[in-house]
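Enquirer: One file is attached below, final06.pdb, containing PDB, C-alpha atoms (C1' of nucleotides).
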```
ATOM      1  CA  MET A   1     -36.456 -65.270 100.446
ATOM      2  CA  ASP A   2     -39.859 -66.788 100.431
ATOM      3  CA  ILE A   3     -42.695 -64.599  99.260
ATOM      4  CA  ARG A   4     -45.480 -67.136  99.106
ATOM      5  CA  GLY A   5     -48.860 -65.556  98.966
ATOM      6  CA  HIS A   6     -47.599 -61.998  98.920
ATOM      7  CA  ILE A   7     -46.541 -61.529  95.322
ATOM      8  CA  ASP A   8     -49.823 -59.898  94.447
ATOM      9  CA  LEU A   9     -49.366 -57.303  97.155
ATOM     10  CA  LEU A  10     -45.849 -56.519  95.974
ATOM     11  CA  LEU A  11     -46.788 -56.364  92.315
ATOM     12  CA  LEU A  12     -49.847 -54.209  92.877
ATOM     13  CA  SER A  13     -47.813 -51.869  95.070
ATOM     14  CA  VAL A  14     -45.154 -51.376  92.425
ATOM     15  CA  LEU A  15     -47.743 -50.786  89.730
ATOM     16  CA  HIS A  16     -49.575 -48.414  92.016
ATOM     17  CA  ASP A  17     -46.533 -46.226  92.540
ATOM     18  CA  ARG A  18     -44.971 -46.520  89.107
ATOM     19  CA  GLY A  19     -48.006 -46.280  86.856
ATOM     20  CA  ALA A  20     -47.453 -48.043  83.529
ATOM     21  CA  VAL A  21     -44.478 -50.403  83.656
ATOM     22  CA  HIS A  22     -43.278 -53.391  81.729
ATOM     23  CA  GLY A  23     -42.521 -56.729  83.349
ATOM     24  CA  TYR A  24     -38.790 -56.477  83.402
ATOM     25  CA  ALA A  25     -38.983 -53.089  85.101
ATOM     26  CA  VAL A  26     -41.182 -54.631  87.782
ATOM     27  CA  ILE A  27     -38.455 -57.173  88.460
ATOM     28  CA  THR A  28     -35.767 -54.526  88.831
ATOM     29  CA  ALA A  29     -38.023 -52.270  90.889
ATOM     30  CA  LEU A  30     -38.751 -55.129  93.284
ATOM     31  CA  ARG A  31     -35.068 -55.959  93.554
ATOM     32  CA  ASP A  32     -34.040 -52.357  94.116
ATOM     33  CA  ARG A  33     -36.753 -51.441  96.588
ATOM     34  CA  SER A  34     -36.165 -54.538  98.680
ATOM     35  CA  LYS A  35     -32.374 -54.053  98.540
ATOM     36  CA  GLY A  36     -31.947 -57.363  96.790
ATOM     37  CA  ALA A  37     -34.199 -59.442  99.016
ATOM     38  CA  PHE A  38     -36.840 -59.957  96.327
ATOM     39  CA  ASP A  39     -34.911 -60.964  93.235
ATOM     40  CA  LEU A  40     -37.700 -62.787  91.493
ATOM     41  CA  PRO A  41     -37.218 -64.756  88.291
ATOM     42  CA  GLU A  42     -39.160 -63.956  85.144
ATOM     43  CA  GLY A  43     -40.976 -67.248  85.443
ATOM     44  CA  THR A  44     -42.528 -65.877  88.588
ATOM     45  CA  ILE A  45     -43.317 -62.349  87.460
ATOM     46  CA  TYR A  46     -44.818 -62.849  84.025
ATOM     47  CA  PRO A  47     -47.304 -65.529  85.027
ATOM     48  CA  ALA A  48     -48.197 -63.488  88.092
ATOM     49  CA  LEU A  49     -48.920 -60.411  85.990
ATOM     50  CA  GLN A  50     -51.047 -62.517  83.685
ATOM     51  CA  ARG A  51     -52.943 -63.842  86.672
ATOM     52  CA  LEU A  52     -53.608 -60.325  87.865
ATOM     53  CA  GLU A  53     -54.763 -59.380  84.402
ATOM     54  CA  ARG A  54     -57.130 -62.336  84.240
ATOM     55  CA  ALA A  55     -58.449 -61.226  87.619
ATOM     56  CA  GLY A  56     -59.104 -57.776  86.196
ATOM     57  CA  LEU A  57     -56.718 -56.010  88.556
ATOM     58  CA  VAL A  58     -54.317 -54.847  85.880
ATOM     59  CA  GLY A  59     -54.589 -54.060  82.203
ATOM     60  CA  SER A  60     -51.840 -54.366  79.611
ATOM     61  CA  ARG A  61     -50.933 -53.035  76.193
ATOM     62  CA  TRP A  62     -47.963 -53.136  73.858
ATOM     63  CA  ASP A  63     -45.614 -50.198  73.932
ATOM     64  CA  ASP A  64     -43.993 -49.770  70.518
ATOM     65  CA  SER A  65     -42.133 -46.586  71.290
ATOM     66  CA  ALA A  66     -39.185 -48.462  72.766
ATOM     67  CA  PRO A  67     -36.519 -50.050  70.505
ATOM     68  CA  ARG A  68     -37.895 -53.415  71.499
ATOM     69  CA  ARG A  69     -41.599 -54.076  71.834
ATOM     70  CA  ARG A  70     -42.611 -54.199  75.484
ATOM     71  CA  ARG A  71     -45.826 -55.034  77.231
ATOM     72  CA  VAL A  72     -46.739 -52.455  79.822
ATOM     73  CA  TYR A  73     -49.062 -53.123  82.710
ATOM     74  CA  GLU A  74     -51.187 -50.683  84.635
ATOM     75  CA  LEU A  75     -53.586 -50.934  87.552
ATOM     76  CA  THR A  76     -57.276 -50.904  86.849
ATOM     77  CA  GLU A  77     -59.774 -49.286  89.183
ATOM     78  CA  ASP A  78     -60.345 -52.685  90.766
ATOM     79  CA  GLY A  79     -56.614 -53.082  91.035
ATOM     80  CA  ARG A  80     -56.236 -49.879  92.987
ATOM     81  CA  ARG A  81     -58.897 -51.029  95.393
ATOM     82  CA  ALA A  82     -57.337 -54.481  95.668
ATOM     83  CA  CYS A  83     -53.982 -52.874  96.376
ATOM     84  CA  ALA A  84     -55.379 -50.884  99.280
ATOM     85  CA  ASP A  85     -57.235 -53.942 100.559
ATOM     86  CA  LYS A  86     -54.168 -56.100 100.426
ATOM     87  CA  LYS A  87     -52.120 -53.534 102.291
ATOM     88  CA  THR A  88     -54.706 -53.485 105.052
ATOM     89  CA  GLU A  89     -54.741 -57.263 105.058
ATOM     90  CA  TRP A  90     -50.948 -57.279 105.251
ATOM     91  CA  ARG A  91     -50.963 -55.066 108.314
ATOM     92  CA  GLY A  92     -53.433 -57.383 110.014
ATOM     93  CA  PHE A  93     -51.349 -60.353 109.053
ATOM     94  CA  VAL A  94     -48.216 -58.861 110.581
ATOM     95  CA  VAL A  95     -50.060 -58.039 113.788
ATOM     96  CA  SER A  96     -51.437 -61.573 114.027
ATOM     97  CA  VAL A  97     -48.126 -63.266 113.382
ATOM     98  CA  GLN A  98     -46.513 -60.957 115.914
ATOM     99  CA  ALA A  99     -49.184 -61.919 118.423
ATOM    100  CA  VAL A 100     -48.325 -65.583 117.955
ATOM    101  CA  ILE A 101     -44.554 -65.468 117.857
ATOM    102  CA  GLY A 102     -44.099 -62.823 120.514
ATOM    103  CA  PRO A 103     -43.292 -59.133 120.544
ATOM    104  CA  MET A 104     -39.524 -59.357 120.024
ATOM    105  CA  ALA A 105     -39.790 -58.672 116.312
ATOM    106  CA  VAL A 106     -40.888 -55.078 116.783
ATOM    107  CA  GLY A 107     -38.247 -53.494 118.937
ATOM    108  CA  GLY A 108     -35.595 -56.078 118.347
ATOM    109  CA  PRO A 109     -34.261 -58.600 120.875
ATOM    110  CA  ALA A 110     -31.651 -56.298 122.414
TER     111      ALA A 110
ATOM    112  CA  MET B   1     -56.375 -65.241 106.425
ATOM    113  CA  ASP B   2     -53.600 -66.500 104.258
ATOM    114  CA  ILE B   3     -50.563 -67.954 106.002
ATOM    115  CA  ARG B   4     -48.683 -69.377 103.068
ATOM    116  CA  GLY B   5     -45.100 -70.121 103.851
ATOM    117  CA  HIS B   6     -45.328 -69.059 107.478
ATOM    118  CA  ILE B   7     -46.985 -72.049 109.116
ATOM    119  CA  ASP B   8     -43.650 -73.438 110.183
ATOM    120  CA  LEU B   9     -42.776 -70.237 111.995
ATOM    121  CA  LEU B  10     -46.114 -70.214 113.804
ATOM    122  CA  LEU B  11     -45.979 -73.873 114.741
ATOM    123  CA  LEU B  12     -42.401 -73.741 115.938
ATOM    124  CA  SER B  13     -43.174 -70.637 117.985
ATOM    125  CA  VAL B  14     -46.102 -72.277 119.736
ATOM    126  CA  LEU B  15     -44.090 -75.407 120.463
ATOM    127  CA  HIS B  16     -41.221 -73.282 121.665
ATOM    128  CA  ASP B  17     -43.361 -71.496 124.244
ATOM    129  CA  ARG B  18     -45.634 -74.341 125.227
ATOM    130  CA  GLY B  19     -43.210 -77.245 125.404
ATOM    131  CA  ALA B  20     -44.938 -80.589 124.767
ATOM    132  CA  VAL B  21     -48.359 -80.119 123.175
ATOM    133  CA  HIS B  22     -50.728 -82.213 121.153
ATOM    134  CA  GLY B  23     -51.993 -81.164 117.727
ATOM    135  CA  TYR B  24     -55.405 -80.020 118.777
ATOM    136  CA  ALA B  25     -53.911 -77.783 121.458
ATOM    137  CA  VAL B  26     -51.715 -76.200 118.794
ATOM    138  CA  ILE B  27     -54.831 -75.337 116.830
ATOM    139  CA  THR B  28     -56.532 -73.685 119.792
ATOM    140  CA  ALA B  29     -53.337 -71.917 120.865
ATOM    141  CA  LEU B  30     -52.955 -70.463 117.389
ATOM    142  CA  ARG B  31     -56.570 -69.364 117.324
ATOM    143  CA  ASP B  32     -56.396 -67.791 120.778
ATOM    144  CA  ARG B  33     -53.075 -66.040 120.367
ATOM    145  CA  SER B  34     -54.060 -64.564 117.024
ATOM    146  CA  LYS B  35     -57.476 -63.540 118.333
ATOM    147  CA  GLY B  36     -59.192 -65.767 115.808
ATOM    148  CA  ALA B  37     -57.183 -64.731 112.769
ATOM    149  CA  PHE B  38     -55.442 -68.081 112.432
ATOM    150  CA  ASP B  39     -58.193 -70.643 112.770
ATOM    151  CA  LEU B  40     -56.477 -73.442 110.919
ATOM    152  CA  PRO B  41     -58.158 -76.724 110.049
ATOM    153  CA  GLU B  42     -56.781 -80.052 111.200
ATOM    154  CA  GLY B  43     -55.933 -80.912 107.605
ATOM    155  CA  THR B  44     -53.430 -78.098 107.739
ATOM    156  CA  ILE B  45     -51.934 -78.661 111.174
ATOM    157  CA  TYR B  46     -51.407 -82.411 111.281
ATOM    158  CA  PRO B  47     -49.618 -82.693 107.946
ATOM    159  CA  ALA B  48     -47.558 -79.631 108.865
ATOM    160  CA  LEU B  49     -46.474 -81.181 112.147
ATOM    161  CA  GLN B  50     -45.569 -84.379 110.322
ATOM    162  CA  ARG B  51     -43.527 -82.351 107.876
ATOM    163  CA  LEU B  52     -41.659 -80.719 110.738
ATOM    164  CA  GLU B  53     -41.069 -84.095 112.298
ATOM    165  CA  ARG B  54     -39.706 -85.504 109.050
ATOM    166  CA  ALA B  55     -37.434 -82.474 108.902
ATOM    167  CA  GLY B  56     -36.173 -83.292 112.379
ATOM    168  CA  LEU B  57     -37.397 -80.047 113.921
ATOM    169  CA  VAL B  58     -39.921 -81.665 116.261
ATOM    170  CA  GLY B  59     -40.233 -85.034 117.917
ATOM    171  CA  SER B  60     -43.456 -86.770 118.926
ATOM    172  CA  ARG B  61     -44.678 -89.445 121.295
ATOM    173  CA  TRP B  62     -47.969 -90.830 122.501
ATOM    174  CA  ASP B  63     -49.357 -89.506 125.740
ATOM    175  CA  ASP B  64     -51.528 -92.149 127.397
ATOM    176  CA  SER B  65     -52.254 -90.244 130.580
ATOM    177  CA  ALA B  66     -55.212 -88.426 129.020
ATOM    178  CA  PRO B  67     -58.620 -90.148 128.723
ATOM    179  CA  ARG B  68     -58.026 -90.355 125.006
ATOM    180  CA  ARG B  69     -54.643 -91.143 123.528
ATOM    181  CA  ARG B  70     -52.937 -88.062 122.210
ATOM    182  CA  ARG B  71     -49.781 -87.466 120.258
ATOM    183  CA  VAL B  72     -47.642 -84.750 121.780
ATOM    184  CA  TYR B  73     -45.021 -82.827 119.871
ATOM    185  CA  GLU B  74     -41.947 -81.112 121.183
ATOM    186  CA  LEU B  75     -39.138 -79.094 119.639
ATOM    187  CA  THR B  76     -35.828 -80.775 119.053
ATOM    188  CA  GLU B  77     -32.538 -78.938 119.413
ATOM    189  CA  ASP B  78     -32.601 -78.318 115.664
ATOM    190  CA  GLY B  79     -36.156 -77.104 116.024
ATOM    191  CA  ARG B  80     -35.197 -74.509 118.592
ATOM    192  CA  ARG B  81     -32.490 -73.238 116.291
ATOM    193  CA  ALA B  82     -34.854 -73.257 113.320
ATOM    194  CA  CYS B  83     -37.403 -71.332 115.357
ATOM    195  CA  ALA B  84     -34.920 -68.576 116.132
ATOM    196  CA  ASP B  85     -33.746 -68.532 112.512
ATOM    197  CA  LYS B  86     -37.265 -68.266 111.191
ATOM    198  CA  LYS B  87     -38.058 -65.405 113.528
ATOM    199  CA  THR B  88     -35.033 -63.532 112.253
ATOM    200  CA  GLU B  89     -36.053 -64.335 108.697
ATOM    201  CA  TRP B  90     -39.569 -63.116 109.439
ATOM    202  CA  ARG B  91     -38.268 -59.761 110.665
ATOM    203  CA  GLY B  92     -36.242 -59.369 107.486
ATOM    204  CA  PHE B  93     -39.219 -60.321 105.411
ATOM    205  CA  VAL B  94     -41.417 -57.701 107.047
ATOM    206  CA  VAL B  95     -38.766 -55.036 106.540
ATOM    207  CA  SER B  96     -38.420 -55.960 102.866
ATOM    208  CA  VAL B  97     -42.134 -55.993 102.169
ATOM    209  CA  GLN B  98     -42.457 -52.695 103.977
ATOM    210  CA  ALA B  99     -39.689 -51.279 101.814
ATOM    211  CA  VAL B 100     -41.604 -52.267  98.697
ATOM    212  CA  ILE B 101     -45.121 -51.278  99.638
ATOM    213  CA  GLY B 102     -44.237 -48.092 101.446
ATOM    214  CA  PRO B 103     -43.927 -47.046 105.061
ATOM    215  CA  MET B 104     -47.625 -46.493 105.795
ATOM    216  CA  ALA B 105     -48.021 -49.890 107.402
ATOM    217  CA  VAL B 106     -45.971 -48.949 110.437
ATOM    218  CA  GLY B 107     -47.497 -45.765 111.725
ATOM    219  CA  GLY B 108     -50.818 -46.079 109.964
ATOM    220  CA  PRO B 109     -52.099 -43.948 107.082
ATOM    221  CA  ALA B 110     -53.717 -41.261 109.191
TER     222      ALA B 110
ATOM    223  C1'  DG C   1     -18.113 -63.138  67.876
ATOM    224  C1'  DT C   2     -19.434 -63.687  72.195
ATOM    225  C1'  DT C   3     -20.870 -62.008  76.521
ATOM    226  C1'  DG C   4     -24.173 -59.594  79.245
ATOM    227  C1'  DA C   5     -28.117 -56.657  80.014
ATOM    228  C1'  DC C   6     -32.635 -56.020  78.357
ATOM    229  C1'  DA C   7     -37.192 -58.096  77.186
ATOM    230  C1'  DC C   8     -40.859 -61.590  76.516
ATOM    231  C1'  DC C   9     -43.045 -66.244  77.061
ATOM    232  C1'  DT C  10     -44.373 -71.144  78.539
ATOM    233  C1'  DA C  11     -44.251 -76.001  80.157
ATOM    234  C1'  DG C  12     -43.908 -78.651  83.888
ATOM    235  C1'  DG C  13     -42.836 -79.960  88.560
ATOM    236  C1'  DA C  14     -42.857 -79.646  93.436
ATOM    237  C1'  DA C  15     -44.574 -77.963  97.512
ATOM    238  C1'  DC C  16     -48.163 -76.254 100.169
ATOM    239  C1'  DG C  17     -52.672 -75.361 102.302
ATOM    240  C1'  DC C  18     -57.160 -76.713 102.567
ATOM    241  C1'  DT C  19     -61.579 -79.427 101.857
ATOM    242  C1'  DA C  20     -63.603 -83.460 102.738
ATOM    243  C1'  DT C  21     -63.846 -87.473 104.952
ATOM    244  C1'  DG C  22     -63.155 -91.202 108.175
ATOM    245  C1'  DC C  23     -62.678 -92.964 112.909
ATOM    246  C1'  DC C  24     -63.188 -92.587 118.039
ATOM    247  C1'  DT C  25     -64.565 -90.629 123.135
ATOM    248  C1'  DA C  26     -67.158 -87.904 126.426
ATOM    249  C1'  DG C  27     -70.693 -84.975 127.984
ATOM    250  C1'  DG C  28     -74.935 -82.319 127.616
ATOM    251  C1'  DG C  29     -79.305 -81.526 125.860
ATOM    252  C1'  DT C  30     -84.024 -83.223 124.529
TER     253       DT C  30
ATOM    254  C1'  DA D   1     -82.592 -93.457 123.385
ATOM    255  C1'  DC D   2     -80.920 -90.036 120.394
ATOM    256  C1'  DC D   3     -78.221 -86.273 118.609
ATOM    257  C1'  DC D   4     -75.038 -82.652 118.858
ATOM    258  C1'  DT D   5     -70.850 -80.434 120.117
ATOM    259  C1'  DA D   6     -66.211 -80.430 121.577
ATOM    260  C1'  DG D   7     -62.226 -82.890 121.819
ATOM    261  C1'  DG D   8     -58.742 -85.806 119.300
ATOM    262  C1'  DC D   9     -56.120 -88.136 115.297
ATOM    263  C1'  DA D  10     -55.341 -89.076 110.450
ATOM    264  C1'  DT D  11     -55.266 -89.255 105.227
ATOM    265  C1'  DA D  12     -56.588 -88.585 100.218
ATOM    266  C1'  DG D  13     -56.698 -85.542  96.859
ATOM    267  C1'  DC D  14     -57.573 -80.985  94.815
ATOM    268  C1'  DG D  15     -56.206 -76.445  93.335
ATOM    269  C1'  DT D  16     -53.068 -72.805  93.547
ATOM    270  C1'  DT D  17     -48.752 -70.924  93.543
ATOM    271  C1'  DC D  18     -43.880 -70.338  92.755
ATOM    272  C1'  DC D  19     -39.936 -71.513  90.513
ATOM    273  C1'  DT D  20     -36.708 -74.138  87.310
ATOM    274  C1'  DA D  21     -35.540 -74.620  82.888
ATOM    275  C1'  DG D  22     -35.960 -73.817  78.616
ATOM    276  C1'  DG D  23     -36.894 -70.955  74.197
ATOM    277  C1'  DT D  24     -36.922 -66.348  71.298
ATOM    278  C1'  DG D  25     -34.931 -62.055  70.182
ATOM    279  C1'  DT D  26     -32.415 -57.021  70.402
ATOM    280  C1'  DC D  27     -28.537 -54.175  71.336
ATOM    281  C1'  DA D  28     -24.051 -52.542  73.108
ATOM    282  C1'  DA D  29     -19.514 -53.490  74.596
ATOM    283  C1'  DC D  30     -15.324 -55.889  74.409
TER     284       DC D  30
END
```
Taking this structure as input, can you express it in the form of structure tokens?
Expert:
Amino acid sequence: MDIRGHIDLLLLSVLHDRGAVHGYAVITALRDRSKGAFDLPEGTIYPALQRLERAGLVGSRWDDSAPRRRRVYELTEDGRRACADKKTEWRGFVVSVQAVIGPMAVGGPA
Amino acid sequence: MDIRGHIDLLLLSVLHDRGAVHGYAVITALRDRSKGAFDLPEGTIYPALQRLERAGLVGSRWDDSAPRRRRVYELTEDGRRACADKKTEWRGFVVSVQAVIGPMAVGGPA
DNA sequence: GTTGACACCTAGGAACGCTATGCCTAGGGT
DNA sequence: ACCCTAGGCATAGCGTTCCTAGGTGTCAAC
């Protein structure tokens, strides 16, 4: 499935709910929550997390308590705000698309 | 607003409902239906329509009845099928995103 | 001893959306 | 006469984004 432009929303949402998580756990969380629909490759997730970090929406640190060193990410204050904003934006987006393509996507065609 | 990856759905939907339309009319239809949310520039619409034509989902011809020559686009049989498919896909996409970000986008937070 | 899950990272390509620009007509304002 | 706005088509080229494809390494199971 095609997630263009909505990765940030998904990532921020996972980090919002899960607190501090490492990249691989984000991948599995996304896969599990979406029932397999969002099975995103590492080459998508890691650069995306780095982008969010550069944007100041998440912070990261190394977690050495695990058997293998892992980098854990966590929302910043800005990130929490951005997460809420993007959810609002998402709702508006859905409403607008619905308005264009017709109402059948809400109640179903039958 | 950000429509990445969903232009095709919007365009096909408009063409599906409107029949034969020219590019500029697609722009205004999109703007009107979405209440201004999707105010897409010509540099987005025309290449997108050409893409759809290359993909065999729409056909085009010149309409010389208007004071100024206009190119009108219309769904092909494949296009009609693709439109239905993309609507189904869209519904699944919304469900999946909702599953990841939480249910608050349906009933509202309050 | 090799397979598979866990875990991180990057280079590079392809596609996409948009900005900017060009060209043209018609009508209204000044 | 002049300009502006709305209508109408089209392309070049940029920046971003996502993903493919590779590389590194641990650990447990078979």
Enquirer: Any chance you could lay chain B over chain A, fitting all C-alpha atoms in order by least squares, and write the moved chain as a tab-separated table (two decimals) with C-alpha atoms, in the coordinates of the input?
Expert:
```tsv
chain	number	residue	atom	x	y	z
B	1	MET	CA	-36.43	-65.18	100.42
B	2	ASP	CA	-39.85	-66.71	100.44
B	3	ILE	CA	-42.72	-64.54	99.25
B	4	ARG	CA	-45.51	-67.07	99.13
B	5	GLY	CA	-48.90	-65.50	98.99
B	6	HIS	CA	-47.62	-61.94	98.94
B	7	ILE	CA	-46.55	-61.49	95.33
B	8	ASP	CA	-49.83	-59.86	94.46
B	9	LEU	CA	-49.37	-57.24	97.15
B	10	LEU	CA	-45.85	-56.47	95.95
B	11	LEU	CA	-46.79	-56.32	92.29
B	12	LEU	CA	-49.85	-54.18	92.86
B	13	SER	CA	-47.82	-51.82	95.04
B	14	VAL	CA	-45.16	-51.34	92.39
B	15	LEU	CA	-47.76	-50.76	89.69
B	16	HIS	CA	-49.60	-48.39	91.97
B	17	ASP	CA	-46.55	-46.19	92.48
B	18	ARG	CA	-45.00	-46.50	89.05
B	19	GLY	CA	-48.04	-46.27	86.80
B	20	ALA	CA	-47.49	-48.05	83.47
B	21	VAL	CA	-44.50	-50.39	83.61
B	22	HIS	CA	-43.30	-53.39	81.69
B	23	GLY	CA	-42.55	-56.73	83.34
B	24	TYR	CA	-38.81	-56.45	83.39
B	25	ALA	CA	-39.02	-53.05	85.07
B	26	VAL	CA	-41.20	-54.60	87.76
B	27	ILE	CA	-38.46	-57.13	88.44
B	28	THR	CA	-35.78	-54.47	88.81
B	29	ALA	CA	-38.05	-52.21	90.86
B	30	LEU	CA	-38.74	-55.05	93.26
B	31	ARG	CA	-35.07	-55.88	93.52
B	32	ASP	CA	-34.05	-52.27	94.09
B	33	ARG	CA	-36.76	-51.36	96.56
B	34	SER	CA	-36.15	-54.46	98.65
B	35	LYS	CA	-32.38	-53.96	98.51
B	36	GLY	CA	-31.94	-57.27	96.75
B	37	ALA	CA	-34.18	-59.35	98.98
B	38	PHE	CA	-36.81	-59.89	96.31
B	39	ASP	CA	-34.88	-60.87	93.23
B	40	LEU	CA	-37.66	-62.72	91.48
B	41	PRO	CA	-37.19	-64.70	88.28
B	42	GLU	CA	-39.15	-63.94	85.15
B	43	GLY	CA	-40.96	-67.25	85.51
B	44	THR	CA	-42.49	-65.84	88.65
B	45	ILE	CA	-43.31	-62.33	87.50
B	46	TYR	CA	-44.83	-62.87	84.07
B	47	PRO	CA	-47.29	-65.56	85.11
B	48	ALA	CA	-48.17	-63.48	88.17
B	49	LEU	CA	-48.92	-60.43	86.05
B	50	GLN	CA	-51.05	-62.57	83.75
B	51	ARG	CA	-52.92	-63.87	86.77
B	52	LEU	CA	-53.60	-60.33	87.91
B	53	GLU	CA	-54.76	-59.41	84.45
B	54	ARG	CA	-57.12	-62.38	84.31
B	55	ALA	CA	-58.44	-61.25	87.68
B	56	GLY	CA	-59.10	-57.81	86.23
B	57	LEU	CA	-56.72	-56.02	88.59
B	58	VAL	CA	-54.31	-54.87	85.88
B	59	GLY	CA	-54.60	-54.11	82.20
B	60	SER	CA	-51.85	-54.42	79.61
B	61	ARG	CA	-50.94	-53.11	76.18
B	62	TRP	CA	-47.99	-53.18	73.85
B	63	ASP	CA	-45.63	-50.25	73.90
B	64	ASP	CA	-43.98	-49.85	70.50
B	65	SER	CA	-42.09	-46.67	71.25
B	66	ALA	CA	-39.14	-48.56	72.74
B	67	PRO	CA	-36.50	-50.15	70.48
B	68	ARG	CA	-37.90	-53.51	71.43
B	69	ARG	CA	-41.61	-54.13	71.83
B	70	ARG	CA	-42.63	-54.24	75.45
B	71	ARG	CA	-45.84	-55.07	77.22
B	72	VAL	CA	-46.76	-52.48	79.81
B	73	TYR	CA	-49.08	-53.14	82.70
B	74	GLU	CA	-51.20	-50.70	84.61
B	75	LEU	CA	-53.60	-50.94	87.53
B	76	THR	CA	-57.30	-50.93	86.83
B	77	GLU	CA	-59.79	-49.29	89.17
B	78	ASP	CA	-60.36	-52.69	90.76
B	79	GLY	CA	-56.62	-53.08	91.03
B	80	ARG	CA	-56.24	-49.86	92.97
B	81	ARG	CA	-58.91	-51.00	95.38
B	82	ALA	CA	-57.34	-54.45	95.66
B	83	CYS	CA	-53.98	-52.84	96.36
B	84	ALA	CA	-55.38	-50.84	99.26
B	85	ASP	CA	-57.24	-53.90	100.55
B	86	LYS	CA	-54.15	-56.06	100.40
B	87	LYS	CA	-52.11	-53.48	102.27
B	88	THR	CA	-54.70	-53.44	105.03
B	89	GLU	CA	-54.72	-57.23	105.03
B	90	TRP	CA	-50.93	-57.25	105.21
B	91	ARG	CA	-50.96	-55.03	108.30
B	92	GLY	CA	-53.42	-57.37	109.98
B	93	PHE	CA	-51.35	-60.34	109.01
B	94	VAL	CA	-48.21	-58.86	110.55
B	95	VAL	CA	-50.06	-58.04	113.75
B	96	SER	CA	-51.42	-61.58	113.97
B	97	VAL	CA	-48.10	-63.27	113.33
B	98	GLN	CA	-46.50	-60.97	115.86
B	99	ALA	CA	-49.16	-61.93	118.37
B	100	VAL	CA	-48.31	-65.59	117.89
B	101	ILE	CA	-44.54	-65.48	117.80
B	102	GLY	CA	-44.09	-62.87	120.48
B	103	PRO	CA	-43.32	-59.17	120.53
B	104	MET	CA	-39.54	-59.39	120.05
B	105	ALA	CA	-39.77	-58.71	116.34
B	106	VAL	CA	-40.78	-55.10	116.83
B	107	GLY	CA	-38.19	-53.64	119.13
B	108	GLY	CA	-35.55	-56.28	118.61
B	109	PRO	CA	-34.37	-58.88	121.12
B	110	ALA	CA	-31.66	-56.79	122.71
```
Enquirer: Which value, in Å to one decimal, gives the distance between atom CA of B:Val95 and atom CA of A:Phe38?
Expert: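 Distance between the two atoms: 11.5 Å.
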Enquirer: By how many Å are atom CA of B:Arg69 and atom CA of B:Tyr46 apart?
Expert: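 Going from atom CA of B:Arg69 over to atom CA of B:Tyr46, I get 15.4 Å.
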Enquirer: Within 12 Å of D:DT16, counting only C-alpha atoms (C1' of nucleotides), which residues qualify if same-chain residues fewer than 4 places away don't, as a ChimeraX atom specification?
Expert: /A:4-5,48,51 /B:4 /C:15-18
Enquirer: Could you work out an axis-aligned box for stretch 38-49 of chain B, taking every atom the file lists and adding 6 Å on each side, and report centre and edge lengths in Å to one decimal, as JSON?
Expert:
```
{"center_x": -52.3, "center_y": -75.4, "center_z": 110.2, "size_x": 23.7, "size_y": 26.6, "size_z": 17.2}
```
Enquirer: I'd like the contact shell of D:DT11 - 9 Å cut-off, all atoms listed in the file, skipping same-chain residues fewer than 2 positions apart - returned as a list in words.
Expert: Gly43 of chain B; DT21 and DG22 of chain C
Enquirer: What is the distance between atom C1' of C:DG4 and atom CA of A:Arg71, in Å to one decimal?
Expert: 22.2 Å
Enquirer: So that I can check the surroundings of A:Asp8, please list as a VMD selection string every protein, DNA and RNA residue that reaches within 9 Å of it, counting only C-alpha atoms (C1' of nucleotides) and ignoring chain neighbours fewer than 6 positions away.
Expert: chain A and resid 48 to 49 52 83 86
Enquirer: Given the file shown, determine the residues that the PyMOL selection byres ((chain B and resi 70) around 9) selects; report them as a VMD selection string.
Expert: (chain B and resid 22 to 23 61 to 69 71 to 72) or (chain D and resid 8 to 9)
Enquirer: Could you save the residues just selected, with C-alpha atoms (C1' of nucleotides), as a JSON list (two decimals), in the frame of the given file?
Expert:
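File selection_33.json, as written:
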```
[["chain", "number", "residue", "atom", "x", "y", "z"],
["B", 22, "HIS", "CA", -50.73, -82.21, 121.15],
["B", 23, "GLY", "CA", -51.99, -81.16, 117.73],
["B", 61, "ARG", "CA", -44.68, -89.44, 121.30],
["B", 62, "TRP", "CA", -47.97, -90.83, 122.50],
["B", 63, "ASP", "CA", -49.36, -89.51, 125.74],
["B", 64, "ASP", "CA", -51.53, -92.15, 127.40],
["B", 65, "SER", "CA", -52.25, -90.24, 130.58],
["B", 66, "ALA", "CA", -55.21, -88.43, 129.02],
["B", 67, "PRO", "CA", -58.62, -90.15, 128.72],
["B", 68, "ARG", "CA", -58.03, -90.36, 125.01],
["B", 69, "ARG", "CA", -54.64, -91.14, 123.53],
["B", 71, "ARG", "CA", -49.78, -87.47, 120.26],
["B", 72, "VAL", "CA", -47.64, -84.75, 121.78],
["D", 8, "DG", "C1'", -58.74, -85.81, 119.30],
["D", 9, "DC", "C1'", -56.12, -88.14, 115.30]]
```
Enquirer: Could you rebuild stretch 79-83 of chain A with N, CA and C atoms and give it back as a compact mmCIF listing (two decimals), keeping the file's coordinate frame?
Expert:
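Result saved to part.txt:
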```
# COMPACT_ATOMS: atom_id res chain seq x y z
N GLY A 79 -57.96 -52.82 90.57
CA GLY A 79 -56.61 -53.08 91.04
C GLY A 79 -56.19 -52.12 92.13
N ARG A 80 -56.57 -50.88 91.96
CA ARG A 80 -56.24 -49.88 92.99
C ARG A 80 -56.92 -50.23 94.31
N ARG A 81 -58.16 -50.62 94.20
CA ARG A 81 -58.90 -51.03 95.39
C ARG A 81 -58.26 -52.27 96.02
N ALA A 82 -57.95 -53.24 95.17
CA ALA A 82 -57.34 -54.48 95.67
C ALA A 82 -56.00 -54.20 96.35
N CYS A 83 -55.28 -53.24 95.81
CA CYS A 83 -53.98 -52.87 96.38
C CYS A 83 -54.17 -52.34 97.79
```
